[in-house]
file coords_3.pdb (PDB, C-alpha atoms and all ligand atoms)
ATOM      1  CA  MET K  13    -135.156 -43.099 107.605  1.00  0.00           C
ATOM      2  CA  ASN K  14    -135.451 -46.008 110.016  1.00  0.00           C
ATOM      3  CA  LYS K  15    -134.664 -49.216 108.040  1.00  0.00           C
ATOM      4  CA  LEU K  16    -135.548 -52.497 109.720  1.00  0.00           C
ATOM      5  CA  LYS K  17    -134.235 -55.836 108.542  1.00  0.00           C
ATOM      6  CA  ILE K  18    -136.984 -58.405 108.208  1.00  0.00           C
ATOM      7  CA  ILE K  19    -137.342 -62.052 107.211  1.00  0.00           C
ATOM      8  CA  THR K  20    -140.272 -62.551 104.847  1.00  0.00           C
ATOM      9  CA  LYS K  21    -142.553 -65.599 104.832  1.00  0.00           C
ATOM     10  CA  ASP K  22    -140.480 -67.649 102.349  1.00  0.00           C
ATOM     11  CA  GLY K  23    -137.432 -67.201 104.606  1.00  0.00           C
ATOM     12  CA  SER K  24    -135.752 -64.546 102.466  1.00  0.00           C
ATOM     13  CA  PRO K  25    -134.598 -61.238 103.953  1.00  0.00           C
ATOM     14  CA  SER K  26    -135.826 -57.768 103.032  1.00  0.00           C
ATOM     15  CA  ILE K  27    -136.099 -54.253 104.411  1.00  0.00           C
ATOM     16  CA  TYR K  28    -138.986 -52.417 106.018  1.00  0.00           C
ATOM     17  CA  LEU K  29    -139.183 -48.635 106.265  1.00  0.00           C
ATOM     18  CA  LYS K  30    -140.876 -48.106 109.584  1.00  0.00           C
ATOM     19  CA  ASP K  31    -141.417 -44.345 109.270  1.00  0.00           C
ATOM     20  CA  ILE K  32    -143.543 -44.698 106.154  1.00  0.00           C
ATOM     21  CA  ASN K  33    -144.734 -48.299 106.708  1.00  0.00           C
ATOM     22  CA  GLU K  34    -143.344 -49.506 103.374  1.00  0.00           C
ATOM     23  CA  TYR K  35    -141.547 -52.736 102.380  1.00  0.00           C
ATOM     24  CA  TYR K  36    -138.829 -53.273  99.756  1.00  0.00           C
ATOM     25  CA  HIS K  37    -140.560 -56.566  98.844  1.00  0.00           C
ATOM     26  CA  SER K  38    -143.712 -58.438  99.709  1.00  0.00           C
ATOM     27  CA  LYS K  39    -143.755 -59.582 103.318  1.00  0.00           C
ATOM     28  CA  PHE K  40    -145.184 -62.852 101.973  1.00  0.00           C
ATOM     29  CA  GLY K  41    -141.818 -63.647 100.343  1.00  0.00           C
ATOM     30  CA  ALA K  42    -139.136 -61.417  98.854  1.00  0.00           C
ATOM     31  CA  VAL K  43    -137.501 -64.036  96.630  1.00  0.00           C
ATOM     32  CA  SER K  44    -140.828 -65.627  95.625  1.00  0.00           C
ATOM     33  CA  GLU K  45    -142.277 -62.235  94.696  1.00  0.00           C
ATOM     34  CA  SER K  46    -139.270 -61.149  92.628  1.00  0.00           C
ATOM     35  CA  LYS K  47    -139.123 -64.486  90.803  1.00  0.00           C
ATOM     36  CA  TYR K  48    -142.837 -64.462  90.067  1.00  0.00           C
ATOM     37  CA  VAL K  49    -143.318 -60.800  89.088  1.00  0.00           C
ATOM     38  CA  PHE K  50    -140.101 -60.001  87.256  1.00  0.00           C
ATOM     39  CA  ILE K  51    -138.496 -63.279  86.127  1.00  0.00           C
ATOM     40  CA  LYS K  52    -141.553 -65.388  85.309  1.00  0.00           C
ATOM     41  CA  ASN K  53    -143.956 -62.674  84.162  1.00  0.00           C
ATOM     42  CA  GLY K  54    -141.332 -60.280  82.770  1.00  0.00           C
ATOM     43  CA  LEU K  55    -138.232 -62.003  81.434  1.00  0.00           C
ATOM     44  CA  ASN K  56    -139.718 -65.417  80.602  1.00  0.00           C
ATOM     45  CA  PHE K  57    -142.781 -63.806  79.049  1.00  0.00           C
ATOM     46  CA  TRP K  58    -140.622 -61.564  76.834  1.00  0.00           C
ATOM     47  CA  LYS K  59    -138.519 -64.566  75.748  1.00  0.00           C
ATOM     48  CA  LYS K  60    -141.630 -66.478  74.747  1.00  0.00           C
ATOM     49  CA  ASN K  61    -143.069 -63.624  72.676  1.00  0.00           C
ATOM     50  CA  SER K  62    -140.241 -61.582  71.242  1.00  0.00           C
ATOM     51  CA  PRO K  63    -138.733 -62.539  67.877  1.00  0.00           C
ATOM     52  CA  ASN K  64    -135.347 -61.340  69.214  1.00  0.00           C
ATOM     53  CA  LYS K  65    -134.038 -64.067  71.483  1.00  0.00           C
ATOM     54  CA  SER K  66    -130.320 -63.390  71.314  1.00  0.00           C
ATOM     55  CA  SER K  67    -129.980 -60.507  73.762  1.00  0.00           C
ATOM     56  CA  CYS K  68    -132.143 -58.501  76.105  1.00  0.00           C
ATOM     57  CA  ASN K  69    -131.894 -54.941  77.448  1.00  0.00           C
ATOM     58  CA  ILE K  70    -133.479 -54.552  80.869  1.00  0.00           C
ATOM     59  CA  PHE K  71    -134.175 -51.386  82.849  1.00  0.00           C
ATOM     60  CA  GLU K  72    -135.027 -51.700  86.528  1.00  0.00           C
ATOM     61  CA  MET K  73    -136.618 -48.874  88.486  1.00  0.00           C
ATOM     62  CA  GLY K  74    -135.157 -49.134  92.017  1.00  0.00           C
ATOM     63  CA  PHE K  75    -132.001 -51.253  92.495  1.00  0.00           C
ATOM     64  CA  GLY K  76    -132.673 -51.495  96.254  1.00  0.00           C
ATOM     65  CA  THR K  77    -131.367 -54.767  97.687  1.00  0.00           C
ATOM     66  CA  GLY K  78    -130.177 -55.989  94.279  1.00  0.00           C
ATOM     67  CA  LEU K  79    -132.476 -59.016  94.458  1.00  0.00           C
ATOM     68  CA  ASN K  80    -134.030 -58.544  91.006  1.00  0.00           C
ATOM     69  CA  ALA K  81    -130.564 -57.957  89.587  1.00  0.00           C
ATOM     70  CA  ILE K  82    -129.042 -61.155  91.008  1.00  0.00           C
ATOM     71  CA  LEU K  83    -132.047 -63.268  89.980  1.00  0.00           C
ATOM     72  CA  THR K  84    -131.695 -61.895  86.452  1.00  0.00           C
ATOM     73  CA  TYR K  85    -127.950 -62.582  86.523  1.00  0.00           C
ATOM     74  CA  GLU K  86    -128.668 -66.200  87.495  1.00  0.00           C
ATOM     75  CA  HIS K  87    -131.170 -66.496  84.642  1.00  0.00           C
ATOM     76  CA  SER K  88    -128.650 -65.104  82.187  1.00  0.00           C
ATOM     77  CA  ILE K  89    -125.978 -67.627  83.249  1.00  0.00           C
ATOM     78  CA  GLU K  90    -128.304 -70.645  83.336  1.00  0.00           C
ATOM     79  CA  ASN K  91    -129.924 -69.831  79.984  1.00  0.00           C
ATOM     80  CA  LYS K  92    -126.864 -68.379  78.237  1.00  0.00           C
ATOM     81  CA  LEU K  93    -128.890 -65.276  77.438  1.00  0.00           C
ATOM     82  CA  LYS K  94    -126.978 -62.059  76.838  1.00  0.00           C
ATOM     83  CA  ILE K  95    -128.420 -59.391  79.122  1.00  0.00           C
ATOM     84  CA  ASN K  96    -127.626 -55.695  79.426  1.00  0.00           C
ATOM     85  CA  TYR K  97    -129.008 -54.730  82.817  1.00  0.00           C
ATOM     86  CA  GLN K  98    -129.433 -51.080  83.802  1.00  0.00           C
ATOM     87  CA  THR K  99    -130.851 -50.120  87.148  1.00  0.00           C
ATOM     88  CA  ILE K 100    -131.429 -46.799  88.864  1.00  0.00           C
ATOM     89  CA  ASP K 101    -131.546 -45.795  92.507  1.00  0.00           C
ATOM     90  CA  SER K 102    -131.389 -42.323  94.010  1.00  0.00           C
ATOM     91  CA  ASN K 103    -130.967 -43.550  97.575  1.00  0.00           C
ATOM     92  CA  PRO K 104    -128.832 -46.728  97.680  1.00  0.00           C
ATOM     93  CA  LEU K 105    -128.671 -48.880 100.780  1.00  0.00           C
ATOM     94  CA  ALA K 106    -125.699 -48.480 103.107  1.00  0.00           C
ATOM     95  CA  LYS K 107    -123.038 -51.194 103.584  1.00  0.00           C
ATOM     96  CA  ASN K 108    -124.382 -52.363 106.953  1.00  0.00           C
ATOM     97  CA  GLU K 109    -127.882 -52.772 105.499  1.00  0.00           C
ATOM     98  CA  ILE K 110    -126.572 -54.887 102.627  1.00  0.00           C
ATOM     99  CA  LYS K 111    -124.580 -57.216 104.924  1.00  0.00           C
ATOM    100  CA  PHE K 112    -127.713 -58.672 106.433  1.00  0.00           C
ATOM    101  CA  LEU K 113    -129.166 -59.512 103.032  1.00  0.00           C
ATOM    102  CA  ASN K 114    -127.734 -62.960 102.520  1.00  0.00           C
ATOM    103  CA  TYR K 115    -129.607 -64.457  99.596  1.00  0.00           C
ATOM    104  CA  SER K 116    -127.003 -67.143  98.839  1.00  0.00           C
ATOM    105  CA  LYS K 117    -129.050 -70.118 100.029  1.00  0.00           C
ATOM    106  CA  PHE K 118    -131.620 -69.281  97.345  1.00  0.00           C
ATOM    107  CA  PHE K 119    -129.086 -69.911  94.568  1.00  0.00           C
ATOM    108  CA  ASN K 120    -127.694 -73.378  93.836  1.00  0.00           C
ATOM    109  CA  ASN K 121    -125.487 -73.123  90.808  1.00  0.00           C
ATOM    110  CA  MET K 122    -123.378 -70.059  91.356  1.00  0.00           C
ATOM    111  CA  ASN K 123    -121.389 -68.262  93.951  1.00  0.00           C
ATOM    112  CA  ALA K 124    -124.183 -65.915  94.885  1.00  0.00           C
ATOM    113  CA  GLU K 125    -122.343 -64.297  97.766  1.00  0.00           C
ATOM    114  CA  ILE K 126    -119.529 -63.075  95.517  1.00  0.00           C
ATOM    115  CA  ILE K 127    -121.880 -61.860  92.779  1.00  0.00           C
ATOM    116  CA  PHE K 128    -124.146 -60.140  95.296  1.00  0.00           C
ATOM    117  CA  ASP K 129    -121.171 -58.392  96.838  1.00  0.00           C
ATOM    118  CA  LYS K 130    -119.972 -57.288  93.392  1.00  0.00           C
ATOM    119  CA  LEU K 131    -123.380 -55.899  92.432  1.00  0.00           C
ATOM    120  CA  HIS K 132    -123.250 -53.692  95.504  1.00  0.00           C
ATOM    121  CA  THR K 133    -119.587 -52.707  95.625  1.00  0.00           C
ATOM    122  CA  ILE K 134    -118.752 -51.911  92.003  1.00  0.00           C
ATOM    123  CA  PRO K 135    -118.878 -48.181  91.300  1.00  0.00           C
ATOM    124  CA  TRP K 136    -122.054 -46.486  90.199  1.00  0.00           C
ATOM    125  CA  ASP K 137    -122.496 -44.905  86.766  1.00  0.00           C
ATOM    126  CA  GLU K 138    -120.030 -47.192  84.952  1.00  0.00           C
ATOM    127  CA  THR K 139    -120.785 -50.265  82.896  1.00  0.00           C
ATOM    128  CA  HIS K 140    -119.277 -53.529  84.195  1.00  0.00           C
ATOM    129  CA  LEU K 141    -119.042 -56.863  82.410  1.00  0.00           C
ATOM    130  CA  LEU K 142    -119.843 -59.249  85.293  1.00  0.00           C
ATOM    131  CA  ASP K 143    -119.929 -62.263  83.000  1.00  0.00           C
ATOM    132  CA  LYS K 144    -119.488 -62.605  79.259  1.00  0.00           C
ATOM    133  CA  ASN K 145    -123.302 -62.594  79.057  1.00  0.00           C
ATOM    134  CA  PHE K 146    -124.089 -59.992  81.704  1.00  0.00           C
ATOM    135  CA  ASN K 147    -123.417 -56.286  81.347  1.00  0.00           C
ATOM    136  CA  PHE K 148    -124.388 -54.257  84.390  1.00  0.00           C
ATOM    137  CA  LEU K 149    -124.842 -50.540  84.987  1.00  0.00           C
ATOM    138  CA  LYS K 150    -126.284 -48.949  88.113  1.00  0.00           C
ATOM    139  CA  ILE K 151    -127.235 -45.310  87.852  1.00  0.00           C
ATOM    140  CA  ASN K 152    -127.232 -43.159  90.951  1.00  0.00           C
ATOM    141  CA  LYS K 153    -129.880 -40.528  90.245  1.00  0.00           C
ATOM    142  CA  LYS K 154    -133.561 -39.825  90.480  1.00  0.00           C
ATOM    143  CA  ILE K 155    -135.609 -41.349  87.710  1.00  0.00           C
ATOM    144  CA  GLN K 156    -137.133 -37.870  87.224  1.00  0.00           C
ATOM    145  CA  ASN K 157    -133.680 -36.711  86.009  1.00  0.00           C
ATOM    146  CA  PHE K 158    -132.789 -39.720  83.882  1.00  0.00           C
ATOM    147  CA  ASN K 159    -132.624 -39.368  80.112  1.00  0.00           C
ATOM    148  CA  PHE K 160    -133.970 -42.534  78.494  1.00  0.00           C
ATOM    149  CA  ALA K 161    -131.565 -42.783  75.560  1.00  0.00           C
ATOM    150  CA  THR K 162    -131.288 -46.619  75.368  1.00  0.00           C
ATOM    151  CA  LYS K 163    -133.928 -48.902  73.885  1.00  0.00           C
ATOM    152  CA  TYR K 164    -135.116 -51.524  76.359  1.00  0.00           C
ATOM    153  CA  ASP K 165    -136.861 -54.874  75.950  1.00  0.00           C
ATOM    154  CA  ILE K 166    -138.103 -55.141  79.513  1.00  0.00           C
ATOM    155  CA  VAL K 167    -138.781 -52.653  82.293  1.00  0.00           C
ATOM    156  CA  TYR K 168    -139.032 -53.971  85.833  1.00  0.00           C
ATOM    157  CA  TYR K 169    -141.000 -51.179  87.502  1.00  0.00           C
ATOM    158  CA  ASP K 170    -140.214 -51.715  91.179  1.00  0.00           C
ATOM    159  CA  ALA K 171    -140.768 -48.292  92.759  1.00  0.00           C
ATOM    160  CA  PHE K 172    -142.220 -47.909  96.227  1.00  0.00           C
ATOM    161  CA  GLY K 173    -146.005 -47.925  96.186  1.00  0.00           C
ATOM    162  CA  SER K 174    -148.133 -44.994  95.092  1.00  0.00           C
ATOM    163  CA  ARG K 175    -149.272 -44.413  98.672  1.00  0.00           C
ATOM    164  CA  VAL K 176    -145.758 -43.225  99.560  1.00  0.00           C
ATOM    165  CA  GLN K 177    -144.438 -42.017  96.173  1.00  0.00           C
ATOM    166  CA  PRO K 178    -147.472 -41.137  94.019  1.00  0.00           C
ATOM    167  CA  GLU K 179    -145.292 -38.984  91.723  1.00  0.00           C
ATOM    168  CA  LEU K 180    -143.467 -42.088  90.428  1.00  0.00           C
ATOM    169  CA  TRP K 181    -146.680 -43.596  89.040  1.00  0.00           C
ATOM    170  CA  LYS K 182    -147.811 -40.582  86.998  1.00  0.00           C
ATOM    171  CA  GLU K 183    -147.838 -40.300  83.230  1.00  0.00           C
ATOM    172  CA  ASP K 184    -144.931 -37.807  83.053  1.00  0.00           C
ATOM    173  CA  ILE K 185    -142.611 -40.470  84.536  1.00  0.00           C
ATOM    174  CA  ILE K 186    -144.139 -43.483  82.764  1.00  0.00           C
ATOM    175  CA  LYS K 187    -144.284 -41.921  79.261  1.00  0.00           C
ATOM    176  CA  PRO K 188    -140.520 -41.704  78.519  1.00  0.00           C
ATOM    177  CA  ILE K 189    -140.100 -45.234  79.891  1.00  0.00           C
ATOM    178  CA  ILE K 190    -142.713 -46.610  77.507  1.00  0.00           C
ATOM    179  CA  LYS K 191    -141.208 -44.622  74.616  1.00  0.00           C
ATOM    180  CA  SER K 192    -137.869 -46.309  75.315  1.00  0.00           C
ATOM    181  CA  LEU K 193    -139.313 -49.816  74.818  1.00  0.00           C
ATOM    182  CA  ASN K 194    -138.555 -51.841  71.690  1.00  0.00           C
ATOM    183  CA  ASN K 195    -141.343 -53.645  69.848  1.00  0.00           C
ATOM    184  CA  TYR K 196    -142.513 -56.597  71.941  1.00  0.00           C
ATOM    185  CA  GLY K 197    -141.099 -54.693  74.909  1.00  0.00           C
ATOM    186  CA  VAL K 198    -142.625 -55.512  78.296  1.00  0.00           C
ATOM    187  CA  PHE K 199    -143.352 -53.204  81.238  1.00  0.00           C
ATOM    188  CA  VAL K 200    -143.997 -55.278  84.336  1.00  0.00           C
ATOM    189  CA  THR K 201    -144.795 -54.306  87.902  1.00  0.00           C
ATOM    190  CA  TYR K 202    -146.237 -55.748  91.103  1.00  0.00           C
ATOM    191  CA  SER K 203    -148.812 -52.925  91.108  1.00  0.00           C
ATOM    192  CA  SER K 204    -152.380 -53.373  89.882  1.00  0.00           C
ATOM    193  CA  MET K 205    -153.405 -49.731  90.196  1.00  0.00           C
ATOM    194  CA  GLY K 206    -156.245 -48.550  87.925  1.00  0.00           C
ATOM    195  CA  GLU K 207    -154.578 -45.198  87.220  1.00  0.00           C
ATOM    196  CA  LEU K 208    -151.427 -46.935  85.971  1.00  0.00           C
ATOM    197  CA  ARG K 209    -153.446 -49.314  83.809  1.00  0.00           C
ATOM    198  CA  ARG K 210    -155.267 -46.359  82.190  1.00  0.00           C
ATOM    199  CA  THR K 211    -151.991 -44.487  81.628  1.00  0.00           C
ATOM    200  CA  LEU K 212    -150.462 -47.515  79.908  1.00  0.00           C
ATOM    201  CA  VAL K 213    -153.541 -47.967  77.702  1.00  0.00           C
ATOM    202  CA  ASN K 214    -153.392 -44.242  76.752  1.00  0.00           C
ATOM    203  CA  LEU K 215    -149.756 -44.722  75.784  1.00  0.00           C
ATOM    204  CA  GLY K 216    -150.767 -47.440  73.332  1.00  0.00           C
ATOM    205  CA  MET K 217    -149.709 -50.484  75.344  1.00  0.00           C
ATOM    206  CA  THR K 218    -151.535 -53.806  75.408  1.00  0.00           C
ATOM    207  CA  VAL K 219    -152.303 -54.116  79.092  1.00  0.00           C
ATOM    208  CA  GLU K 220    -153.078 -57.245  81.074  1.00  0.00           C
ATOM    209  CA  LYS K 221    -154.070 -57.638  84.689  1.00  0.00           C
ATOM    210  CA  ILE K 222    -152.665 -61.009  85.618  1.00  0.00           C
ATOM    211  CA  ASP K 223    -152.655 -63.035  88.847  1.00  0.00           C
ATOM    212  CA  GLY K 224    -150.395 -61.398  91.408  1.00  0.00           C
ATOM    213  CA  PRO K 225    -147.758 -63.016  93.616  1.00  0.00           C
ATOM    214  CA  ILE K 226    -148.766 -64.637  96.924  1.00  0.00           C
ATOM    215  CA  GLY K 227    -150.700 -62.095  99.006  1.00  0.00           C
ATOM    216  CA  LYS K 228    -151.736 -59.976  95.990  1.00  0.00           C
ATOM    217  CA  ARG K 229    -154.731 -60.575  93.764  1.00  0.00           C
ATOM    218  CA  GLU K 230    -153.463 -58.935  90.579  1.00  0.00           C
ATOM    219  CA  MET K 231    -150.485 -57.225  88.944  1.00  0.00           C
ATOM    220  CA  ILE K 232    -149.963 -55.334  85.693  1.00  0.00           C
ATOM    221  CA  ARG K 233    -148.053 -56.337  82.614  1.00  0.00           C
ATOM    222  CA  ALA K 234    -148.066 -54.191  79.488  1.00  0.00           C
ATOM    223  CA  THR K 235    -146.622 -55.101  76.082  1.00  0.00           C
ATOM    224  CA  LYS K 236    -145.710 -52.891  73.133  1.00  0.00           C
ATOM    225  CA  ILE K 237    -147.079 -54.582  70.047  1.00  0.00           C
TER     226      ILE K 237
HETATM  227  C1  LIG W 301    -139.256 -51.144  96.253  1.00  0.00           C
HETATM  228  S1  LIG W 301    -137.599 -50.600  96.387  1.00  0.00           S
HETATM  229  C2  LIG W 301    -136.772 -51.513  95.117  1.00  0.00           C
HETATM  230  C3  LIG W 301    -136.530 -52.963  95.431  1.00  0.00           C
HETATM  231  C4  LIG W 301    -135.500 -53.570  94.534  1.00  0.00           C
HETATM  232  N1  LIG W 301    -135.918 -53.671  93.173  1.00  0.00           N
HETATM  233  C5  LIG W 301    -134.983 -54.871  95.060  1.00  0.00           C
HETATM  234  O1  LIG W 301    -134.918 -55.890  94.301  1.00  0.00           O
HETATM  235  O2  LIG W 301    -134.597 -54.899  96.212  1.00  0.00           O
HETATM  236  C6  LIG W 301    -137.661 -48.985  95.640  1.00  0.00           C
HETATM  237  C7  LIG W 301    -136.306 -48.354  95.398  1.00  0.00           C
HETATM  238  O3  LIG W 301    -136.498 -47.147  94.667  1.00  0.00           O
HETATM  239  C8  LIG W 301    -135.545 -46.188  95.093  1.00  0.00           C
HETATM  240  N2  LIG W 301    -136.070 -44.846  94.749  1.00  0.00           N
HETATM  241  C9  LIG W 301    -136.994 -44.112  95.430  1.00  0.00           C
HETATM  242  N3  LIG W 301    -137.259 -42.961  94.776  1.00  0.00           N
HETATM  243  C10 LIG W 301    -136.508 -42.969  93.654  1.00  0.00           C
HETATM  244  C11 LIG W 301    -136.354 -42.060  92.573  1.00  0.00           C
HETATM  245  N4  LIG W 301    -137.047 -40.908  92.510  1.00  0.00           N
HETATM  246  N5  LIG W 301    -135.492 -42.383  91.584  1.00  0.00           N
HETATM  247  C12 LIG W 301    -134.762 -43.527  91.641  1.00  0.00           C
HETATM  248  N6  LIG W 301    -134.868 -44.436  92.658  1.00  0.00           N
HETATM  249  C13 LIG W 301    -135.739 -44.173  93.632  1.00  0.00           C
HETATM  250  C14 LIG W 301    -135.412 -46.447  96.577  1.00  0.00           C
HETATM  251  O4  LIG W 301    -134.184 -45.962  97.089  1.00  0.00           O
HETATM  252  C15 LIG W 301    -135.547 -47.978  96.662  1.00  0.00           C
HETATM  253  O5  LIG W 301    -134.289 -48.584  96.663  1.00  0.00           O
END

call {"tool": "encode", "arguments": {"input": "coords_3.pdb", "output": "structure tokens"}}
result
Amino acid sequence: MNKLKIITKDGSPSIYLKDINEYYHSKFGAVSESKYVFIKNGLNFWKKNSPNKSSCNIFEMGFGTGLNAILTYEHSIENKLKINYQTIDSNPLAKNEIKFLNYSKFFNNMNAEIIFDKLHTIPWDETHLLDKNFNFLKINKKIQNFNFATKYDIVYYDAFGSRVQPELWKEDIIKPIIKSLNNYGVFVTYSSMGELRRTLVNLGMTVEKIDGPIGKREMIRATKI
């Protein structure tokens, strides 16, 4: 598939799939979107509400550029929060596509270039301790074939949109993910789709439609209470 490197409106890089007209992040700002959707409305929200504040298990659907992963790593270091981060991707980016993605100027207090490189170059399907507070596992398979055996506190659901991959937004995929959530667990996504909202309600989640990131009116956050 034809992958084009783009610079989004906040100056951060991302990738555009020309053949299917789909972006890895919002064209209004890759870093701003990831920070707003997943860090602010996922991780910070969970920290505010969950009685367990000592460690957090996160599952990310779609490792992609690694942007959500490195932002979460930064959060873990700055807040001394122990995080076990698991991410899945069936079609990882190639080396030459990763090279262009220099996010280092968006991070002040750490050597982002080295961490970013590590996130991409360490082997798949093995757990790595990247910092005493940050355990990292990237799984190279389709989410359809993944067995949800771990209990998670937060799910960052960052699949391509339902226009291009409708199968990833259906109940048969979402159900095992929701089952794997701990109490106070949070499922967060940039999507605001009605079908997803109804699925999450049917699965017993408390669902909110909250303000979306720049360029998007709403997004979904669901909590297991
Ligand atoms: C929107 S991008 C993820 C962006 C990413 N979270 C980031 O921070 O850059 C969606 C990702 O899902 C992956 N993907 C697509 N279908 C998948 C599947 N069935 N199972 C696992 N990963 C899949 C793609 O390869 C792509 O990297």

call {"tool": "residues_near_ligand", "arguments": {"input": "coords_3.pdb", "ligand": "ligand LIG 301 (chain W)", "cutoff": "6 Å", "atoms": "all atoms listed in the file", "output": "VMD selection string"}}
result
chain K and resid 36 74 to 80 100 to 104 153 to 155 170 to 172

call {"tool": "resolve_selection", "arguments": {"input": "coords_3.pdb", "expression": "the PyMOL selection byres (((chain K and resi 148) around 7) and not hetatm)", "output": "CSV table (one decimal) with C-alpha atoms, keeping the file's coordinate frame"}}
result
chain,number,residue,atom,x,y,z
K,96,ASN,CA,-127.6,-55.7,79.4
K,97,TYR,CA,-129.0,-54.7,82.8
K,98,GLN,CA,-129.4,-51.1,83.8
K,139,THR,CA,-120.8,-50.3,82.9
K,140,HIS,CA,-119.3,-53.5,84.2
K,141,LEU,CA,-119.0,-56.9,82.4
K,142,LEU,CA,-119.8,-59.2,85.3
K,146,PHE,CA,-124.1,-60.0,81.7
K,147,ASN,CA,-123.4,-56.3,81.3
K,149,LEU,CA,-124.8,-50.5,85.0
K,150,LYS,CA,-126.3,-48.9,88.1

call {"tool": "resolve_selection", "arguments": {"input": "coords_3.pdb", "expression": "the PyMOL selection byres (((chain K and resi 208-213) around 10) and not hetatm)", "output": "PyMOL selection string"}}
result
chain K and resi 174+181-184+186-187+190+199+203-207+214-221+231-236

call {"tool": "write_last_selection", "arguments": {"input": "coords_3.pdb", "atoms": "C-alpha atoms", "output": "mmCIF file, in the frame of the given file"}}
result
data_model
loop_
_atom_site.group_PDB
_atom_site.id
_atom_site.type_symbol
_atom_site.label_atom_id
_atom_site.label_comp_id
_atom_site.auth_asym_id
_atom_site.auth_seq_id
_atom_site.Cartn_x
_atom_site.Cartn_y
_atom_site.Cartn_z
ATOM 1 C CA SER K 174 -148.133 -44.994 95.092
ATOM 2 C CA TRP K 181 -146.680 -43.596 89.040
ATOM 3 C CA LYS K 182 -147.811 -40.582 86.998
ATOM 4 C CA GLU K 183 -147.838 -40.300 83.230
ATOM 5 C CA ASP K 184 -144.931 -37.807 83.053
ATOM 6 C CA ILE K 186 -144.139 -43.483 82.764
ATOM 7 C CA LYS K 187 -144.284 -41.921 79.261
ATOM 8 C CA ILE K 190 -142.713 -46.610 77.507
ATOM 9 C CA PHE K 199 -143.352 -53.204 81.238
ATOM 10 C CA SER K 203 -148.812 -52.925 91.108
ATOM 11 C CA SER K 204 -152.380 -53.373 89.882
ATOM 12 C CA MET K 205 -153.405 -49.731 90.196
ATOM 13 C CA GLY K 206 -156.245 -48.550 87.925
ATOM 14 C CA GLU K 207 -154.578 -45.198 87.220
ATOM 15 C CA ASN K 214 -153.392 -44.242 76.752
ATOM 16 C CA LEU K 215 -149.756 -44.722 75.784
ATOM 17 C CA GLY K 216 -150.767 -47.440 73.332
ATOM 18 C CA MET K 217 -149.709 -50.484 75.344
ATOM 19 C CA THR K 218 -151.535 -53.806 75.408
ATOM 20 C CA VAL K 219 -152.303 -54.116 79.092
ATOM 21 C CA GLU K 220 -153.078 -57.245 81.074
ATOM 22 C CA LYS K 221 -154.070 -57.638 84.689
ATOM 23 C CA MET K 231 -150.485 -57.225 88.944
ATOM 24 C CA ILE K 232 -149.963 -55.334 85.693
ATOM 25 C CA ARG K 233 -148.053 -56.337 82.614
ATOM 26 C CA ALA K 234 -148.066 -54.191 79.488
ATOM 27 C CA THR K 235 -146.622 -55.101 76.082
ATOM 28 C CA LYS K 236 -145.710 -52.891 73.133
#

call {"tool": "axis_aligned_box", "arguments": {"input": "coords_3.pdb", "around": "stretch 51-56 of chain K", "padding_each_side": "4 Å", "output": "lines of an AutoDock Vina configuration file"}}
result
center_x = -141.1
center_y = -62.8
center_z = 83.4
size_x = 13.7
size_y = 13.1
size_z = 13.5

call {"tool": "atom_distance", "arguments": {"input": "coords_3.pdb", "atom1": "atom CA of K:Ser62", "atom2": "atom CA of K:Asn194"}}
result
9.9 Å

call {"tool": "closest_residue", "arguments": {"input": "coords_3.pdb", "among": "K:Asn145, K:Asn108, K:Thr201, K:Thr20", "to": "K:Ser66", "atoms": "only C-alpha atoms"}}
result
K:Asn145

call {"tool": "residues_around", "arguments": {"input": "coords_3.pdb", "residues": "K:Ser192", "least_positions_apart": "2", "cutoff": "10 Å", "atoms": "all atoms listed in the file", "output": "MDAnalysis selection string"}}
result
chainID K and resid 71 159:167 187:190 194:195 197
